[in-house]
$ cat query10.cif   # mmCIF, C-alpha atoms
data_final
loop_
_atom_site.group_PDB
_atom_site.id
_atom_site.type_symbol
_atom_site.label_atom_id
_atom_site.label_comp_id
_atom_site.auth_asym_id
_atom_site.auth_seq_id
_atom_site.Cartn_x
_atom_site.Cartn_y
_atom_site.Cartn_z
ATOM 1 C CA MET A 12 6.647 -16.851 -4.840
ATOM 2 C CA ILE A 13 9.726 -14.681 -5.271
ATOM 3 C CA GLY A 14 10.546 -15.205 -1.602
ATOM 4 C CA TRP A 15 10.635 -18.953 -2.138
ATOM 5 C CA ILE A 16 12.855 -18.582 -5.202
ATOM 6 C CA CYS A 17 15.316 -16.381 -3.270
ATOM 7 C CA PHE A 18 15.267 -18.802 -0.350
ATOM 8 C CA ALA A 19 15.997 -21.707 -2.727
ATOM 9 C CA LEU A 20 18.877 -19.850 -4.399
ATOM 10 C CA ILE A 21 20.434 -18.972 -1.044
ATOM 11 C CA GLY A 22 20.016 -22.572 0.111
ATOM 12 C CA ILE A 23 21.597 -23.982 -3.056
ATOM 13 C CA GLY A 24 24.482 -21.512 -2.762
ATOM 14 C CA THR A 25 25.066 -22.421 0.875
ATOM 15 C CA VAL A 26 25.034 -26.167 0.163
ATOM 16 C CA TYR A 27 27.451 -25.597 -2.751
ATOM 17 C CA GLY A 28 29.732 -23.534 -0.488
ATOM 18 C CA VAL A 29 29.783 -26.238 2.176
ATOM 19 C CA MET A 30 30.500 -28.980 -0.394
ATOM 20 C CA HIS A 31 33.338 -27.058 -2.038
ATOM 21 C CA GLY A 32 34.856 -25.462 1.050
ATOM 22 C CA THR A 33 34.062 -21.888 0.049
ATOM 23 C CA LEU A 34 31.563 -21.077 2.807
ATOM 24 C CA GLY A 35 33.978 -18.469 4.224
ATOM 25 C CA GLN A 36 34.011 -16.569 0.933
ATOM 26 C CA ILE A 37 30.215 -16.689 0.722
ATOM 27 C CA THR A 38 29.947 -15.304 4.265
ATOM 28 C CA GLU A 39 32.401 -12.480 3.474
ATOM 29 C CA GLU A 40 30.430 -11.517 0.373
ATOM 30 C CA LEU A 41 27.115 -11.571 2.237
ATOM 31 C CA LEU A 42 28.528 -9.301 4.930
ATOM 32 C CA SER A 43 30.075 -6.852 2.445
ATOM 33 C CA VAL A 44 26.875 -6.354 0.417
ATOM 34 C CA PRO A 45 25.123 -4.041 2.909
ATOM 35 C CA GLU A 46 28.185 -1.787 2.983
ATOM 36 C CA SER A 47 28.276 -1.415 -0.801
ATOM 37 C CA VAL A 48 24.504 -0.894 -0.972
ATOM 38 C CA MET A 49 24.664 1.904 1.597
ATOM 39 C CA ALA A 50 27.545 3.550 -0.271
ATOM 40 C CA LEU A 51 25.520 3.465 -3.496
ATOM 41 C CA LEU A 52 22.440 4.875 -1.750
ATOM 42 C CA LEU A 53 24.421 7.746 -0.267
ATOM 43 C CA LYS A 54 26.026 8.571 -3.625
ATOM 44 C CA THR A 55 22.785 8.494 -5.606
ATOM 45 C CA GLY A 56 20.499 10.003 -2.961
ATOM 46 C CA GLY A 57 21.877 13.527 -3.258
ATOM 47 C CA VAL A 58 21.683 13.575 -7.043
ATOM 48 C CA LEU A 59 18.115 12.248 -7.010
ATOM 49 C CA CYS A 60 17.082 14.859 -4.441
ATOM 50 C CA LEU A 61 18.562 17.618 -6.598
ATOM 51 C CA PHE A 62 16.707 16.480 -9.718
ATOM 52 C CA CYS A 63 13.460 15.963 -7.795
ATOM 53 C CA GLY A 64 13.752 19.531 -6.489
ATOM 54 C CA ILE A 65 14.336 20.888 -9.988
ATOM 55 C CA MET A 66 11.344 18.955 -11.295
ATOM 56 C CA ARG A 67 9.130 20.184 -8.437
ATOM 57 C CA VAL A 68 10.016 23.755 -9.376
ATOM 58 C CA ALA A 69 9.132 22.961 -13.006
ATOM 59 C CA GLU A 70 5.835 21.476 -11.848
ATOM 60 C CA ALA A 71 5.020 24.504 -9.673
ATOM 61 C CA GLY A 72 5.964 26.806 -12.549
ATOM 62 C CA GLY A 73 3.354 25.205 -14.795
ATOM 63 C CA LEU A 74 5.740 23.411 -17.140
ATOM 64 C CA VAL A 75 4.179 20.004 -16.480
ATOM 65 C CA GLY A 76 0.624 21.356 -16.821
ATOM 66 C CA GLY A 77 1.488 23.038 -20.121
ATOM 67 C CA PHE A 78 3.034 19.855 -21.396
ATOM 68 C CA SER A 79 -0.108 17.920 -20.499
ATOM 69 C CA ARG A 80 -2.206 20.399 -22.526
ATOM 70 C CA ILE A 81 0.115 19.813 -25.485
ATOM 71 C CA LEU A 82 -0.351 16.040 -25.064
ATOM 72 C CA SER A 83 -4.151 16.171 -25.180
ATOM 73 C CA ARG A 84 -4.433 15.959 -28.988
ATOM 74 C CA PRO A 85 -1.977 13.058 -29.549
ATOM 75 C CA LEU A 86 -3.548 11.201 -26.627
ATOM 76 C CA GLY A 87 -6.955 11.521 -28.283
ATOM 77 C CA VAL A 88 -5.551 9.714 -31.320
ATOM 78 C CA LEU A 89 -3.672 7.026 -29.395
ATOM 79 C CA MET A 90 -6.314 6.472 -26.708
ATOM 80 C CA PRO A 91 -9.806 7.176 -28.078
ATOM 81 C CA ARG A 92 -11.439 6.923 -24.653
ATOM 82 C CA THR A 93 -9.738 10.176 -23.641
ATOM 83 C CA LYS A 94 -11.900 12.065 -26.169
ATOM 84 C CA THR A 95 -15.084 11.307 -24.240
ATOM 85 C CA ASP A 96 -13.729 11.468 -20.664
ATOM 86 C CA PRO A 97 -12.050 14.771 -19.712
ATOM 87 C CA GLU A 98 -10.886 13.452 -16.327
ATOM 88 C CA LEU A 99 -9.269 10.449 -18.006
ATOM 89 C CA LEU A 100 -7.526 12.792 -20.443
ATOM 90 C CA ALA A 101 -6.241 14.963 -17.595
ATOM 91 C CA CYS A 102 -5.001 11.986 -15.567
ATOM 92 C CA SER A 103 -3.334 10.330 -18.566
ATOM 93 C CA ALA A 104 -1.680 13.545 -19.721
ATOM 94 C CA MET A 105 -0.414 14.423 -16.239
ATOM 95 C CA ASN A 106 0.939 10.889 -15.773
ATOM 96 C CA LEU A 107 2.854 10.938 -19.051
ATOM 97 C CA ALA A 108 4.008 14.534 -18.531
ATOM 98 C CA SER A 109 5.240 13.748 -15.023
ATOM 99 C CA ASN A 110 7.136 10.717 -16.309
ATOM 100 C CA PHE A 111 8.575 12.795 -19.171
ATOM 101 C CA PHE A 112 10.026 15.292 -16.705
ATOM 102 C CA GLY A 113 11.380 12.610 -14.352
ATOM 103 C CA LEU A 114 8.700 12.922 -11.656
ATOM 104 C CA GLY A 115 7.953 9.210 -11.340
ATOM 105 C CA ASN A 116 6.517 9.553 -7.832
ATOM 106 C CA ALA A 117 4.161 12.312 -8.971
ATOM 107 C CA ALA A 118 3.102 10.229 -11.976
ATOM 108 C CA THR A 119 1.933 7.213 -9.984
ATOM 109 C CA PRO A 120 -1.343 8.611 -8.559
ATOM 110 C CA TYR A 121 -2.350 9.955 -11.977
ATOM 111 C CA GLY A 122 -1.547 6.608 -13.595
ATOM 112 C CA LEU A 123 -3.575 4.650 -11.060
ATOM 113 C CA ARG A 124 -6.534 6.995 -11.482
ATOM 114 C CA ALA A 125 -6.335 6.753 -15.281
ATOM 115 C CA CYS A 126 -6.163 2.941 -15.187
ATOM 116 C CA GLY A 127 -9.109 2.857 -12.801
ATOM 117 C CA ARG A 128 -11.199 4.999 -15.158
ATOM 118 C CA MET A 129 -10.334 2.776 -18.134
ATOM 119 C CA ASN A 130 -10.765 -0.569 -16.360
ATOM 120 C CA ASP A 131 -14.280 -1.852 -16.904
ATOM 121 C CA GLY A 132 -13.436 -5.564 -16.900
ATOM 122 C CA THR A 133 -12.487 -5.645 -20.570
ATOM 123 C CA ILE A 134 -9.279 -5.115 -22.469
ATOM 124 C CA SER A 135 -9.319 -1.860 -24.379
ATOM 125 C CA ARG A 136 -6.787 -0.410 -26.760
ATOM 126 C CA SER A 137 -6.781 2.794 -24.742
ATOM 127 C CA LEU A 138 -5.764 0.954 -21.578
ATOM 128 C CA ALA A 139 -3.167 -1.161 -23.395
ATOM 129 C CA VAL A 140 -1.623 1.898 -25.093
ATOM 130 C CA PHE A 141 -1.570 3.780 -21.789
ATOM 131 C CA LEU A 142 0.197 0.892 -20.068
ATOM 132 C CA ILE A 143 2.751 0.674 -22.900
ATOM 133 C CA LEU A 144 3.487 4.411 -22.771
ATOM 134 C CA ASN A 145 3.659 4.355 -18.991
ATOM 135 C CA THR A 146 5.924 1.300 -18.900
ATOM 136 C CA CYS A 147 8.271 2.691 -21.557
ATOM 137 C CA SER A 148 8.392 5.854 -19.427
ATOM 138 C CA VAL A 149 9.691 8.253 -22.046
ATOM 139 C CA GLN A 150 11.851 10.701 -20.117
ATOM 140 C CA LEU A 151 13.553 13.889 -21.184
ATOM 141 C CA LEU A 152 16.076 13.497 -18.362
ATOM 142 C CA PRO A 153 16.367 9.966 -16.910
ATOM 143 C CA THR A 154 17.521 11.171 -13.493
ATOM 144 C CA THR A 155 17.905 7.742 -11.914
ATOM 145 C CA ILE A 156 20.285 6.652 -14.657
ATOM 146 C CA PHE A 157 22.232 9.895 -14.230
ATOM 147 C CA ALA A 158 22.505 9.329 -10.492
ATOM 148 C CA LEU A 159 23.738 5.760 -10.932
ATOM 149 C CA ARG A 160 26.303 6.861 -13.525
ATOM 150 C CA VAL A 161 27.561 9.635 -11.227
ATOM 151 C CA ALA A 162 27.819 7.154 -8.337
ATOM 152 C CA GLU A 163 29.911 4.827 -10.479
ATOM 153 C CA GLY A 164 32.261 7.646 -11.517
ATOM 154 C CA ALA A 165 31.156 8.395 -15.093
ATOM 155 C CA GLU A 166 32.942 11.450 -16.487
ATOM 156 C CA ASN A 167 29.855 12.606 -18.377
ATOM 157 C CA PRO A 168 26.709 10.917 -17.045
ATOM 158 C CA THR A 169 24.539 12.535 -19.741
ATOM 159 C CA ASP A 170 26.471 11.213 -22.739
ATOM 160 C CA ILE A 171 23.994 8.345 -23.091
ATOM 161 C CA LEU A 172 21.001 10.631 -23.724
ATOM 162 C CA PRO A 173 20.766 10.169 -27.517
ATOM 163 C CA ALA A 174 20.823 6.378 -27.160
ATOM 164 C CA VAL A 175 18.230 6.492 -24.362
ATOM 165 C CA TRP A 176 15.907 8.704 -26.431
ATOM 166 C CA ILE A 177 16.229 6.458 -29.490
ATOM 167 C CA VAL A 178 15.514 3.304 -27.480
ATOM 168 C CA GLN A 179 12.548 4.910 -25.735
ATOM 169 C CA GLY A 180 11.088 6.097 -29.040
ATOM 170 C CA VAL A 181 11.521 2.723 -30.716
ATOM 171 C CA THR A 182 10.050 0.757 -27.798
ATOM 172 C CA CYS A 183 7.032 3.072 -27.604
ATOM 173 C CA ALA A 184 6.426 2.857 -31.349
ATOM 174 C CA VAL A 185 6.739 -0.935 -31.414
ATOM 175 C CA GLY A 186 4.538 -1.290 -28.327
ATOM 176 C CA VAL A 187 1.774 0.920 -29.733
ATOM 177 C CA LEU A 188 1.971 -0.873 -33.088
ATOM 178 C CA LEU A 189 1.669 -4.270 -31.388
ATOM 179 C CA VAL A 190 -1.329 -3.059 -29.397
ATOM 180 C CA ARG A 191 -3.001 -1.860 -32.592
ATOM 181 C CA LEU A 192 -2.372 -5.225 -34.246
ATOM 182 C CA MET A 193 -3.144 -7.585 -31.377
ATOM 183 C CA VAL A 194 -5.620 -6.064 -28.896
ATOM 184 C CA ARG A 195 -9.280 -6.505 -29.671
ATOM 185 C CA GLU A 196 -11.737 -4.161 -27.991
ATOM 186 C CA GLY A 197 -14.147 -5.579 -25.458
ATOM 187 C CA LYS A 198 -12.396 -8.868 -24.681
ATOM 188 C CA LYS A 199 -13.143 -9.891 -21.085
ATOM 189 C CA VAL A 200 -10.159 -9.947 -18.720
#
$ encode --input "query10.cif" --output "structure tokens"
Amino acid sequence: MIGWICFALIGIGTVYGVMHGTLGQITEELLSVPESVMALLLKTGGVLCLFCGIMRVAEAGGLVGGFSRILSRPLGVLMPRTKTDPELLACSAMNLASNFFGLGNAATPYGLRACGRMNDGTISRSLAVFLILNTCSVQLLPTTIFALRVAEGAENPTDILPAVWIVQGVTCAVGVLLVRLMVREGKKV
């Protein structure tokens, strides 16, 4: 579906360019986009590799595992299913801990396993809360944002941290509250 939408937008833009005599400008812009994308990738790639390396060291040092043990009690309150399923608790905690420390790629397998254990064909509050927390992706250090800010020449790429933390906290709280108010257990998907 998205492919058709993109195709339609490109077609409409091309027809507009032909009708208004700006097809040359459209062609120049289309040809300059790959160059700017590659420049952005090269600028951000190094920073992302550095942060991924730091986070891998933290993971190997047990920081992520310790954080997941700390999360076990709050997760039991937010997602009651984790109290009765130790593997679900471990997967959920490791997913959220990995996201918290900026290891999005490491979080994905844990998240898929946790969703699979919670998915029984019905909507559950535990699954809805997990999806909210995973989507909000509360991060101590949002490394992708840092890398983009460095690539665009920000003097201090970390100066947005307080605002990011506030927004993440508010969105998580509102999301969990909405799940508590609106999701009924056992409703068939």
$ axis_aligned_box --input "query10.cif" --around "segment 51-54 of chain A" --padding-each-side "5 Å" --output "lines of an AutoDock Vina configuration file"
center_x = 24.2
center_y = 6.0
center_z = -1.9
size_x = 13.6
size_y = 15.1
size_z = 13.4
$ residues_around --input "query10.cif" --residues "segment 183-188 of chain A" --least-positions-apart "4" --cutoff "7 Å" --atoms "all atoms listed in the file" --output "list in words"
Val140, Ile143, Leu144, Cys147, Gln179 and Leu192 of chain A
$ closest_residue --input "query10.cif" --among "A:Ala139, A:Thr133, A:Ala158, A:Cys102" --to "Tyr121 of chain A" --atoms "only C-alpha atoms"
A:Cys102
$ resolve_selection --input "query10.cif" --expression "the PyMOL selection byres ((chain A and resi 145) around 8)" --output "list in words"
Asn106, Leu107, Asn110, Gly122, Phe141, Leu142, Ile143, Leu144, Thr146, Cys147, Ser148 and Val149 of chain A
$ closest_residue --input "query10.cif" --among "A:Arg160, A:Arg92, A:Arg80, A:Arg136" --to "Val190 of chain A" --atoms "all atoms listed in the file"
A:Arg136
$ closest_residue --input "query10.cif" --among "A:Ile81, A:Leu52, A:Ala118, A:Arg195" --to "Ala162 of chain A" --atoms "only C-alpha atoms"
A:Leu52
$ atom_distance --input "query10.cif" --atom1 "atom CA of Leu100 of chain A" --atom2 "atom CA of Gly115 of chain A"
18.3 Å
$ residues_around --input "query10.cif" --residues "Pro153 of chain A" --least-positions-apart "3" --cutoff "10 Å" --atoms "all atoms listed in the file" --output "compact mmCIF listing (two decimals) with C-alpha atoms, in the frame of the given file"
# COMPACT_ATOMS: atom_id res chain seq x y z
CA PHE A 62 16.71 16.48 -9.72
CA ASN A 110 7.14 10.72 -16.31
CA PHE A 111 8.57 12.80 -19.17
CA PHE A 112 10.03 15.29 -16.70
CA GLY A 113 11.38 12.61 -14.35
CA LEU A 114 8.70 12.92 -11.66
CA SER A 148 8.39 5.85 -19.43
CA VAL A 149 9.69 8.25 -22.05
CA GLN A 150 11.85 10.70 -20.12
CA ILE A 156 20.28 6.65 -14.66
CA PHE A 157 22.23 9.90 -14.23
CA ALA A 158 22.50 9.33 -10.49
CA THR A 169 24.54 12.54 -19.74
CA ILE A 171 23.99 8.35 -23.09
CA LEU A 172 21.00 10.63 -23.72
CA VAL A 175 18.23 6.49 -24.36
CA TRP A 176 15.91 8.70 -26.43
$ residues_around --input "query10.cif" --residues "Ser83 of chain A" --least-positions-apart "4" --cutoff "10 Å" --atoms "only C-alpha atoms" --output "PDB file with C-alpha atoms, in the frame of the given file"
ATOM      1  CA  PHE A  78       3.034  19.855 -21.396  1.00  0.00           C
ATOM      2  CA  SER A  79      -0.108  17.920 -20.499  1.00  0.00           C
ATOM      3  CA  GLY A  87      -6.955  11.521 -28.283  1.00  0.00           C
ATOM      4  CA  VAL A  88      -5.551   9.714 -31.320  1.00  0.00           C
ATOM      5  CA  THR A  93      -9.738  10.176 -23.641  1.00  0.00           C
ATOM      6  CA  LYS A  94     -11.900  12.065 -26.169  1.00  0.00           C
ATOM      7  CA  PRO A  97     -12.050  14.771 -19.712  1.00  0.00           C
ATOM      8  CA  LEU A 100      -7.526  12.792 -20.443  1.00  0.00           C
ATOM      9  CA  ALA A 101      -6.241  14.963 -17.595  1.00  0.00           C
ATOM     10  CA  SER A 103      -3.334  10.330 -18.566  1.00  0.00           C
ATOM     11  CA  ALA A 104      -1.680  13.545 -19.721  1.00  0.00           C
ATOM     12  CA  MET A 105      -0.414  14.423 -16.239  1.00  0.00           C
TER      13      MET A 105
END
$ atom_distance --input "query10.cif" --atom1 "atom CA of Leu61 of chain A" --atom2 "atom CA of Ala174 of chain A"
23.5 Å
$ atom_distance --input "query10.cif" --atom1 "atom CA of Leu152 of chain A" --atom2 "atom CA of Val178 of chain A"
13.7 Å
$ closest_residue --input "query10.cif" --among "A:Gly73, A:Thr25, A:Thr55, A:Met193" --to "Ile134 of chain A" --atoms "only C-alpha atoms"
A:Met193
$ residues_around --input "query10.cif" --residues "segment 15-21 of chain A" --least-positions-apart "3" --cutoff "12 Å" --atoms "only C-alpha atoms" --output "NGL selection string"
:A and (12 or 24-28 or 34 or 37-38 or 41)
$ build_atoms --input "query10.cif" --residues "segment 136-170 of chain A" --atoms "N, CA and C atoms" --output "mmCIF file, in the coordinates of the input"
data_model
loop_
_atom_site.group_PDB
_atom_site.id
_atom_site.type_symbol
_atom_site.label_atom_id
_atom_site.label_comp_id
_atom_site.auth_asym_id
_atom_site.auth_seq_id
_atom_site.Cartn_x
_atom_site.Cartn_y
_atom_site.Cartn_z
ATOM 1 N N ARG A 136 -8.023 -0.923 -26.157
ATOM 2 C CA ARG A 136 -6.787 -0.410 -26.760
ATOM 3 C C ARG A 136 -6.274 0.795 -25.989
ATOM 4 N N SER A 137 -7.196 1.614 -25.505
ATOM 5 C CA SER A 137 -6.781 2.794 -24.742
ATOM 6 C C SER A 137 -5.982 2.393 -23.512
ATOM 7 N N LEU A 138 -6.468 1.415 -22.772
ATOM 8 C CA LEU A 138 -5.764 0.954 -21.578
ATOM 9 C C LEU A 138 -4.425 0.323 -21.943
ATOM 10 N N ALA A 139 -4.408 -0.499 -22.982
ATOM 11 C CA ALA A 139 -3.167 -1.161 -23.395
ATOM 12 C C ALA A 139 -2.128 -0.133 -23.853
ATOM 13 N N VAL A 140 -2.557 0.858 -24.634
ATOM 14 C CA VAL A 140 -1.623 1.898 -25.093
ATOM 15 C C VAL A 140 -1.110 2.693 -23.905
ATOM 16 N N PHE A 141 -1.996 3.027 -22.976
ATOM 17 C CA PHE A 141 -1.570 3.780 -21.789
ATOM 18 C C PHE A 141 -0.523 2.998 -20.999
ATOM 19 N N LEU A 142 -0.759 1.708 -20.812
ATOM 20 C CA LEU A 142 0.197 0.892 -20.068
ATOM 21 C C LEU A 142 1.540 0.796 -20.795
ATOM 22 N N ILE A 143 1.498 0.701 -22.121
ATOM 23 C CA ILE A 143 2.751 0.674 -22.900
ATOM 24 C C ILE A 143 3.507 1.984 -22.719
ATOM 25 N N LEU A 144 2.821 3.111 -22.892
ATOM 26 C CA LEU A 144 3.487 4.411 -22.771
ATOM 27 C C LEU A 144 4.002 4.640 -21.353
ATOM 28 N N ASN A 145 3.246 4.188 -20.378
ATOM 29 C CA ASN A 145 3.659 4.355 -18.991
ATOM 30 C C ASN A 145 4.846 3.451 -18.654
ATOM 31 N N THR A 146 4.829 2.238 -19.164
ATOM 32 C CA THR A 146 5.924 1.300 -18.900
ATOM 33 C C THR A 146 7.202 1.732 -19.602
ATOM 34 N N CYS A 147 7.084 2.204 -20.836
ATOM 35 C CA CYS A 147 8.271 2.691 -21.557
ATOM 36 C C CYS A 147 8.847 3.930 -20.887
ATOM 37 N N SER A 148 7.987 4.684 -20.206
ATOM 38 C CA SER A 148 8.392 5.854 -19.427
ATOM 39 C C SER A 148 9.356 6.757 -20.195
ATOM 40 N N VAL A 149 8.869 7.339 -21.259
ATOM 41 C CA VAL A 149 9.691 8.253 -22.046
ATOM 42 C C VAL A 149 10.070 9.435 -21.158
ATOM 43 N N GLN A 150 11.369 9.647 -20.999
ATOM 44 C CA GLN A 150 11.851 10.701 -20.117
ATOM 45 C C GLN A 150 12.815 11.616 -20.843
ATOM 46 N N LEU A 151 12.634 12.903 -20.643
ATOM 47 C CA LEU A 151 13.553 13.889 -21.184
ATOM 48 C C LEU A 151 14.905 13.761 -20.486
ATOM 49 N N LEU A 152 14.865 13.657 -19.166
ATOM 50 C CA LEU A 152 16.076 13.497 -18.362
ATOM 51 C C LEU A 152 15.911 12.293 -17.438
ATOM 52 N N PRO A 153 16.481 11.150 -17.775
ATOM 53 C CA PRO A 153 16.367 9.966 -16.910
ATOM 54 C C PRO A 153 17.259 10.120 -15.678
ATOM 55 N N THR A 154 16.716 10.774 -14.650
ATOM 56 C CA THR A 154 17.521 11.171 -13.493
ATOM 57 C C THR A 154 18.090 9.992 -12.717
ATOM 58 N N THR A 155 17.376 8.897 -12.652
ATOM 59 C CA THR A 155 17.905 7.742 -11.914
ATOM 60 C C THR A 155 19.145 7.186 -12.605
ATOM 61 N N ILE A 156 19.113 7.127 -13.916
ATOM 62 C CA ILE A 156 20.285 6.652 -14.657
ATOM 63 C C ILE A 156 21.450 7.610 -14.461
ATOM 64 N N PHE A 157 21.168 8.914 -14.478
ATOM 65 C CA PHE A 157 22.232 9.895 -14.230
ATOM 66 C C PHE A 157 22.851 9.677 -12.860
ATOM 67 N N ALA A 158 22.004 9.495 -11.855
ATOM 68 C CA ALA A 158 22.505 9.329 -10.492
ATOM 69 C C ALA A 158 23.364 8.072 -10.365
ATOM 70 N N LEU A 159 22.941 6.987 -10.980
ATOM 71 C CA LEU A 159 23.738 5.760 -10.932
ATOM 72 C C LEU A 159 25.064 5.934 -11.654
ATOM 73 N N ARG A 160 25.051 6.644 -12.786
ATOM 74 C CA ARG A 160 26.303 6.861 -13.525
ATOM 75 C C ARG A 160 27.254 7.770 -12.746
ATOM 76 N N VAL A 161 26.720 8.771 -12.063
ATOM 77 C CA VAL A 161 27.561 9.635 -11.227
ATOM 78 C C VAL A 161 28.162 8.820 -10.086
ATOM 79 N N ALA A 162 27.344 7.970 -9.458
ATOM 80 C CA ALA A 162 27.819 7.154 -8.337
ATOM 81 C C ALA A 162 28.925 6.203 -8.761
ATOM 82 N N GLU A 163 28.883 5.758 -9.998
ATOM 83 C CA GLU A 163 29.911 4.827 -10.479
ATOM 84 C C GLU A 163 31.091 5.545 -11.124
ATOM 85 N N GLY A 164 31.100 6.890 -11.069
ATOM 86 C CA GLY A 164 32.261 7.646 -11.517
ATOM 87 C C GLY A 164 32.302 7.977 -12.993
ATOM 88 N N ALA A 165 31.162 8.036 -13.671
ATOM 89 C CA ALA A 165 31.156 8.395 -15.093
ATOM 90 C C ALA A 165 31.600 9.844 -15.261
ATOM 91 N N GLU A 166 32.470 10.090 -16.241
ATOM 92 C CA GLU A 166 32.942 11.450 -16.487
ATOM 93 C C GLU A 166 31.809 12.353 -16.960
ATOM 94 N N ASN A 167 30.981 11.845 -17.865
ATOM 95 C CA ASN A 167 29.855 12.606 -18.377
ATOM 96 C C ASN A 167 28.610 11.725 -18.301
ATOM 97 N N PRO A 168 27.850 11.825 -17.214
ATOM 98 C CA PRO A 168 26.709 10.917 -17.045
ATOM 99 C C PRO A 168 25.590 11.133 -18.062
ATOM 100 N N THR A 169 25.612 12.257 -18.772
ATOM 101 C CA THR A 169 24.539 12.535 -19.741
ATOM 102 C C THR A 169 24.899 12.120 -21.161
ATOM 103 N N ASP A 170 26.068 11.551 -21.371
ATOM 104 C CA ASP A 170 26.471 11.213 -22.739
ATOM 105 C C ASP A 170 25.643 10.087 -23.358
#
